[in-house]
$ cat my_file26.pdb   # PDB, C-alpha atoms
ATOM      1  CA  MET A   7      17.587 -11.631 -15.488
ATOM      2  CA  HIS A   8      19.542  -9.190 -13.361
ATOM      3  CA  ARG A   9      21.915  -9.937 -10.478
ATOM      4  CA  ARG A  10      19.514  -8.152  -8.062
ATOM      5  CA  ASP A  11      16.693 -10.569  -9.001
ATOM      6  CA  VAL A  12      18.903 -13.575  -8.271
ATOM      7  CA  LEU A  13      20.110 -12.191  -4.926
ATOM      8  CA  MET A  14      16.660 -11.122  -3.755
ATOM      9  CA  GLY A  15      15.092 -14.393  -4.786
ATOM     10  CA  GLY A  16      17.780 -16.241  -2.831
ATOM     11  CA  ALA A  17      16.366 -15.139   0.516
ATOM     12  CA  ALA A  18      12.965 -16.575  -0.316
ATOM     13  CA  VAL A  19      14.455 -19.832  -1.561
ATOM     14  CA  GLY A  20      16.444 -20.213   1.660
ATOM     15  CA  LEU A  21      13.563 -19.500   4.026
ATOM     16  CA  LEU A  22      10.707 -21.178   2.229
ATOM     17  CA  GLY A  23      12.380 -23.366  -0.367
ATOM     18  CA  LEU A  24      10.564 -21.461  -3.073
ATOM     19  CA  ALA A  25      11.201 -21.820  -6.772
ATOM     20  CA  ALA A  26       9.446 -19.636  -9.315
ATOM     21  CA  VAL A  27       7.548 -21.246 -12.148
ATOM     22  CA  GLU A  28       6.719 -18.529 -14.654
ATOM     23  CA  PRO A  29       3.325 -18.972 -16.320
ATOM     24  CA  ALA A  30       3.229 -19.138 -20.113
ATOM     25  CA  GLY A  31       3.172 -15.682 -21.654
ATOM     26  CA  ALA A  32       4.301 -13.950 -18.456
ATOM     27  CA  GLN A  33       6.327 -10.771 -18.701
ATOM     28  CA  THR A  34       9.960 -11.393 -17.876
ATOM     29  CA  SER A  35      10.776  -7.766 -17.119
ATOM     30  CA  PRO A  36      12.188  -7.358 -13.593
ATOM     31  CA  ALA A  37       9.987  -4.257 -13.362
ATOM     32  CA  SER A  38       6.885  -6.411 -13.698
ATOM     33  CA  LEU A  39       4.752  -6.509 -10.575
ATOM     34  CA  LEU A  40       2.504  -9.309 -11.760
ATOM     35  CA  PRO A  41       1.783 -12.099  -9.251
ATOM     36  CA  VAL A  42       3.395 -15.426 -10.092
ATOM     37  CA  GLU A  43       2.443 -18.912  -8.938
ATOM     38  CA  VAL A  44       5.456 -20.737  -7.494
ATOM     39  CA  ASP A  45       6.430 -24.058  -5.922
ATOM     40  CA  ILE A  46       7.112 -24.128  -2.167
ATOM     41  CA  ARG A  47       8.306 -26.763   0.285
ATOM     42  CA  PRO A  48       5.586 -29.355   0.876
ATOM     43  CA  GLU A  49       5.600 -28.962   4.681
ATOM     44  CA  ILE A  50       4.417 -25.334   4.495
ATOM     45  CA  PRO A  51       0.660 -25.325   5.161
ATOM     46  CA  ALA A  52      -1.821 -23.819   2.743
ATOM     47  CA  ASN A  53      -3.685 -20.597   3.523
ATOM     48  CA  GLU A  54      -0.872 -18.645   5.164
ATOM     49  CA  LEU A  55       0.775 -15.343   4.327
ATOM     50  CA  HIS A  56       4.573 -15.082   4.393
ATOM     51  CA  VAL A  57       6.436 -11.803   3.856
ATOM     52  CA  ILE A  58      10.126 -12.032   2.949
ATOM     53  CA  PRO A  59      11.303  -8.439   3.480
ATOM     54  CA  ASP A  60      14.766  -8.673   1.922
ATOM     55  CA  SER A  61      13.323  -9.792  -1.406
ATOM     56  CA  PHE A  62      10.139  -7.661  -1.157
ATOM     57  CA  MET A  63       7.920 -10.701  -1.662
ATOM     58  CA  LEU A  64       4.671 -11.816  -0.098
ATOM     59  CA  TYR A  65       3.441 -15.388  -0.532
ATOM     60  CA  TRP A  66      -0.128 -16.648  -0.177
ATOM     61  CA  THR A  67       0.311 -20.401   0.241
ATOM     62  CA  LEU A  68      -1.928 -22.795  -1.677
ATOM     63  CA  PRO A  69      -2.643 -26.514  -1.412
ATOM     64  CA  GLY A  70      -0.254 -28.838  -3.205
ATOM     65  CA  ALA A  71       2.987 -27.071  -2.215
ATOM     66  CA  ARG A  72       2.214 -23.976  -4.301
ATOM     67  CA  ALA A  73       1.927 -20.254  -3.531
ATOM     68  CA  ILE A  74       1.093 -17.002  -5.244
ATOM     69  CA  ARG A  75       3.996 -14.569  -5.004
ATOM     70  CA  TYR A  76       3.265 -10.844  -4.926
ATOM     71  CA  MET A  77       5.837  -8.039  -4.971
ATOM     72  CA  VAL A  78       5.503  -5.660  -2.006
ATOM     73  CA  GLY A  79       7.002  -2.656  -0.312
ATOM     74  CA  VAL A  80       7.938  -3.103   3.356
ATOM     75  CA  GLY A  81       8.776  -1.087   6.454
ATOM     76  CA  ARG A  82      11.833   1.085   6.303
ATOM     77  CA  PRO A  83      14.824   0.287   8.546
ATOM     78  CA  GLY A  84      13.881   0.294  12.210
ATOM     79  CA  LEU A  85      10.134   0.085  11.517
ATOM     80  CA  TYR A  86       9.720  -3.401  10.061
ATOM     81  CA  GLU A  87       8.446  -5.794  12.746
ATOM     82  CA  SER A  88       8.931  -9.505  12.199
ATOM     83  CA  GLY A  89       6.839 -12.119  13.946
ATOM     84  CA  GLU A  90       3.743 -14.294  13.754
ATOM     85  CA  PHE A  91       0.345 -12.639  13.480
ATOM     86  CA  TYR A  92      -3.160 -13.392  12.290
ATOM     87  CA  VAL A  93      -5.607 -11.469  10.161
ATOM     88  CA  GLY A  94      -7.905  -9.929  12.784
ATOM     89  CA  ALA A  95      -9.863  -7.590  10.507
ATOM     90  CA  LYS A  96     -10.294  -6.811   6.820
ATOM     91  CA  LYS A  97     -11.479  -3.522   5.353
ATOM     92  CA  GLU A  98     -12.414  -2.230   1.924
ATOM     93  CA  TRP A  99     -11.232   1.333   1.237
ATOM     94  CA  PRO A 100     -10.030   1.640   4.850
ATOM     95  CA  SER A 101      -9.670   4.923   6.643
ATOM     96  CA  TRP A 102      -6.191   5.826   7.857
ATOM     97  CA  THR A 103      -5.182   7.391  11.149
ATOM     98  CA  PRO A 104      -1.459   7.917  11.717
ATOM     99  CA  THR A 105      -0.146   6.794  15.098
ATOM    100  CA  LYS A 106       1.466   9.291  17.476
ATOM    101  CA  SER A 107       4.914   7.930  16.604
ATOM    102  CA  MET A 108       4.182   8.379  12.887
ATOM    103  CA  ILE A 109       3.239  12.018  13.507
ATOM    104  CA  GLU A 110       6.441  12.508  15.517
ATOM    105  CA  ARG A 111       8.492  11.125  12.603
ATOM    106  CA  ASN A 112       6.533  13.140  10.022
ATOM    107  CA  PRO A 113       4.756  16.237  11.393
ATOM    108  CA  ALA A 114       2.851  16.629   8.092
ATOM    109  CA  TYR A 115       0.744  13.632   9.225
ATOM    110  CA  LYS A 116      -0.750  15.810  12.000
ATOM    111  CA  GLU A 117      -3.312  17.006   9.459
ATOM    112  CA  TRP A 118      -4.767  13.486   9.589
ATOM    113  CA  GLU A 119      -4.512  12.807  13.350
ATOM    114  CA  ASP A 120      -8.313  12.388  13.448
ATOM    115  CA  GLY A 121      -8.229  10.123  10.399
ATOM    116  CA  MET A 122      -8.348  10.248   6.619
ATOM    117  CA  PRO A 123     -11.396   8.703   4.958
ATOM    118  CA  GLY A 124     -10.875   5.762   2.640
ATOM    119  CA  GLY A 125     -10.507   6.427  -1.058
ATOM    120  CA  PRO A 126      -7.993   6.626  -3.900
ATOM    121  CA  ASP A 127      -5.793   9.202  -2.100
ATOM    122  CA  ASN A 128      -5.617   7.225   1.141
ATOM    123  CA  PRO A 129      -2.194   5.633   1.852
ATOM    124  CA  LEU A 130      -3.829   2.296   2.789
ATOM    125  CA  GLY A 131      -5.214   1.954  -0.717
ATOM    126  CA  ALA A 132      -8.157  -0.149  -1.813
ATOM    127  CA  ARG A 133      -7.987  -2.959   0.769
ATOM    128  CA  ALA A 134      -6.271  -3.735   4.075
ATOM    129  CA  LEU A 135      -5.661  -6.814   6.182
ATOM    130  CA  TYR A 136      -5.159  -5.865   9.848
ATOM    131  CA  LEU A 137      -2.540  -7.896  11.691
ATOM    132  CA  PHE A 138      -3.281  -8.968  15.264
ATOM    133  CA  GLU A 139      -1.410 -10.935  17.935
ATOM    134  CA  PRO A 140      -2.969 -13.025  20.695
ATOM    135  CA  GLY A 141      -3.070 -11.014  23.922
ATOM    136  CA  ARG A 142      -2.029  -7.825  22.131
ATOM    137  CA  GLY A 143      -4.861  -7.398  19.657
ATOM    138  CA  ASP A 144      -4.355  -4.930  16.816
ATOM    139  CA  THR A 145      -0.635  -4.389  16.169
ATOM    140  CA  TYR A 146      -1.238  -1.409  13.828
ATOM    141  CA  LEU A 147       0.584  -3.407  11.177
ATOM    142  CA  ARG A 148      -1.236  -3.855   7.882
ATOM    143  CA  ILE A 149      -0.932  -5.619   4.576
ATOM    144  CA  HIS A 150      -2.581  -3.096   2.306
ATOM    145  CA  GLY A 151      -2.873  -1.470  -1.079
ATOM    146  CA  THR A 152      -1.096   1.734  -1.921
ATOM    147  CA  ASN A 153      -1.700   4.957  -3.792
ATOM    148  CA  ALA A 154       2.061   5.053  -4.472
ATOM    149  CA  PRO A 155       2.847   2.002  -6.652
ATOM    150  CA  SER A 156       6.407   3.240  -7.259
ATOM    151  CA  THR A 157       7.181   2.238  -3.642
ATOM    152  CA  ILE A 158       6.759  -1.482  -4.402
ATOM    153  CA  GLY A 159      10.136  -3.194  -4.075
ATOM    154  CA  SER A 160      11.450  -0.751  -1.501
ATOM    155  CA  ALA A 161      11.595  -0.285   2.266
ATOM    156  CA  VAL A 162       9.783   3.011   2.829
ATOM    157  CA  SER A 163       6.638   2.371   4.845
ATOM    158  CA  ASN A 164       5.958   2.847   8.556
ATOM    159  CA  GLY A 165       6.175  -0.912   9.099
ATOM    160  CA  CYS A 166       3.439  -2.332   6.880
ATOM    161  CA  ALA A 167       3.621  -4.403   3.692
ATOM    162  CA  ARG A 168       2.008  -2.775   0.651
ATOM    163  CA  LEU A 169       0.881  -4.051  -2.727
ATOM    164  CA  VAL A 170      -0.459  -2.296  -5.800
ATOM    165  CA  ASN A 171      -4.210  -1.810  -5.360
ATOM    166  CA  ASP A 172      -5.480  -4.402  -7.844
ATOM    167  CA  GLN A 173      -3.295  -7.053  -6.212
ATOM    168  CA  ALA A 174      -4.376  -5.926  -2.731
ATOM    169  CA  ILE A 175      -7.966  -6.517  -3.860
ATOM    170  CA  ASP A 176      -7.043  -9.959  -5.205
ATOM    171  CA  LEU A 177      -5.268 -10.906  -1.969
ATOM    172  CA  TYR A 178      -8.108  -9.509   0.167
ATOM    173  CA  ASN A 179     -10.567 -11.759  -1.694
ATOM    174  CA  ARG A 180      -8.400 -14.851  -1.111
ATOM    175  CA  VAL A 181      -7.412 -14.427   2.558
ATOM    176  CA  PRO A 182      -9.976 -15.267   5.254
ATOM    177  CA  LEU A 183     -10.044 -13.818   8.741
ATOM    178  CA  ARG A 184      -7.832 -15.619  11.278
ATOM    179  CA  SER A 185      -5.295 -16.608   8.581
ATOM    180  CA  ARG A 186      -1.757 -17.003   9.909
ATOM    181  CA  VAL A 187       0.722 -14.322   8.833
ATOM    182  CA  VAL A 188       4.497 -14.644   9.184
ATOM    183  CA  LEU A 189       6.585 -11.517   8.734
ATOM    184  CA  HIS A 190      10.011 -13.129   8.378
ATOM    185  CA  PRO A 191      13.016 -11.304   9.879
ATOM    186  CA  LYS A 192      15.237  -9.141   7.754
ATOM    187  CA  MET A 193      18.475 -10.955   7.014
ATOM    188  CA  VAL A 194      20.428  -7.984   5.689
TER     189      VAL A 194
END

$ encode --input "my_file26.pdb" --output "structure tokens"
Amino acid sequence: MHRRDVLMGGAAVGLLGLAAVEPAGAQTSPASLLPVEVDIRPEIPANELHVIPDSFMLYWTLPGARAIRYMVGVGRPGLYESGEFYVGAKKEWPSWTPTKSMIERNPAYKEWEDGMPGGPDNPLGARALYLFEPGRGDTYLRIHGTNAPSTIGSAVSNGCARLVNDQAIDLYNRVPLRSRVVLHPKMV
């Protein structure tokens, strides 16, 4: 175990009272992106998503004070938006249309201002959960797959949380519409 793993895991333990329980035969490499089932505080309801940005972890809460922990990439500094949301839409192989502010930050995105069709080269990857707020509707925040798995464990996106595609598919299949999503504030 490396010092970074201990420090990053500390944020999740503090906010959610989480403790990892490694399954038998699991890889212990810190580079492993495999989901892990963990214990959580008993008062945290099942069927919620919690993103802990400082430790690059997303939790899908289960009954019995358990959760599945996925490693994610998050929004880069100044673009991560904490708060409470709900899953307002779900899409398989979603299309991607950069926002005006994304095009301003990266003029190369202008090529896709009318949208990029879904598929393996699309930055939203294989699946996407669209985050909504009451009264606001679509926030343009997503929990999605990625065609750039090397970005997992870093803060590089335009505000969304990203998983490797096979795990995005797994999460997509587990999470129903209207599920509560908490994007916890950055602590660092």

$ atom_distance --input "my_file26.pdb" --atom1 "atom CA of A:Ile158" --atom2 "atom CA of A:Phe138"
23.3 Å

$ residues_around --input "my_file26.pdb" --residues "stretch 79-94 of chain A" --least-positions-apart "3" --cutoff "6 Å" --atoms "only C-alpha atoms" --output "list in words"
Phe62, Tyr136, Leu137, Phe138, Glu139, Thr157, Ile158, Gly159, Ser160, Ala161, Val162, Ser163, Asn164, Gly165, Cys166, Ala167, Arg168, Leu183, Arg184, Ser185, Arg186, Val187, Val188, Leu189, His190 and Pro191 of chain A

$ resolve_selection --input "my_file26.pdb" --expression "the PyMOL selection byres ((chain A and resi 103) around 9)" --output "list in words"
Ser101, Trp102, Pro104, Thr105, Tyr115, Trp118, Glu119, Asp120, Gly121, Met122 and Pro123 of chain A

$ atom_distance --input "my_file26.pdb" --atom1 "atom CA of A:Gly124" --atom2 "atom CA of A:Trp99"
4.7 Å

$ atom_distance --input "my_file26.pdb" --atom1 "atom CA of A:Leu169" --atom2 "atom CA of A:Arg75"
11.2 Å

$ closest_residue --input "my_file26.pdb" --among "A:Asp144, A:Asp45, A:Asn128, A:Met193" --to "A:Ser61" --atoms "all atoms listed in the file"
A:Met193

$ residues_near_point --input "my_file26.pdb" --point "(2.9, -13.9, -9.5)" --cutoff "6 Å" --atoms "all atoms listed in the file" --output "mmCIF file with C-alpha atoms, keeping the file's coordinate frame"
data_model
loop_
_atom_site.group_PDB
_atom_site.id
_atom_site.type_symbol
_atom_site.label_atom_id
_atom_site.label_comp_id
_atom_site.auth_asym_id
_atom_site.auth_seq_id
_atom_site.Cartn_x
_atom_site.Cartn_y
_atom_site.Cartn_z
ATOM 1 C CA LEU A 40 2.504 -9.309 -11.760
ATOM 2 C CA PRO A 41 1.783 -12.099 -9.251
ATOM 3 C CA VAL A 42 3.395 -15.426 -10.092
ATOM 4 C CA GLU A 43 2.443 -18.912 -8.938
ATOM 5 C CA ILE A 74 1.093 -17.002 -5.244
ATOM 6 C CA ARG A 75 3.996 -14.569 -5.004
ATOM 7 C CA TYR A 76 3.265 -10.844 -4.926
#

$ resolve_selection --input "my_file26.pdb" --expression "the PyMOL selection byres ((chain A and resi 180) around 12)" --output "list in words"
Ala52, Asn53, Glu54, Leu55, Tyr65, Trp66, Thr67, Leu68, Ala73, Ile74, Lys96, Leu135, Gln173, Ala174, Ile175, Asp176, Leu177, Tyr178, Asn179, Val181, Pro182, Leu183 and Ser185 of chain A

$ closest_residue --input "my_file26.pdb" --among "A:Val78, A:Gly70, A:Asn153, A:Ala134" --to "A:Ala95" --atoms "all atoms listed in the file"
A:Ala134
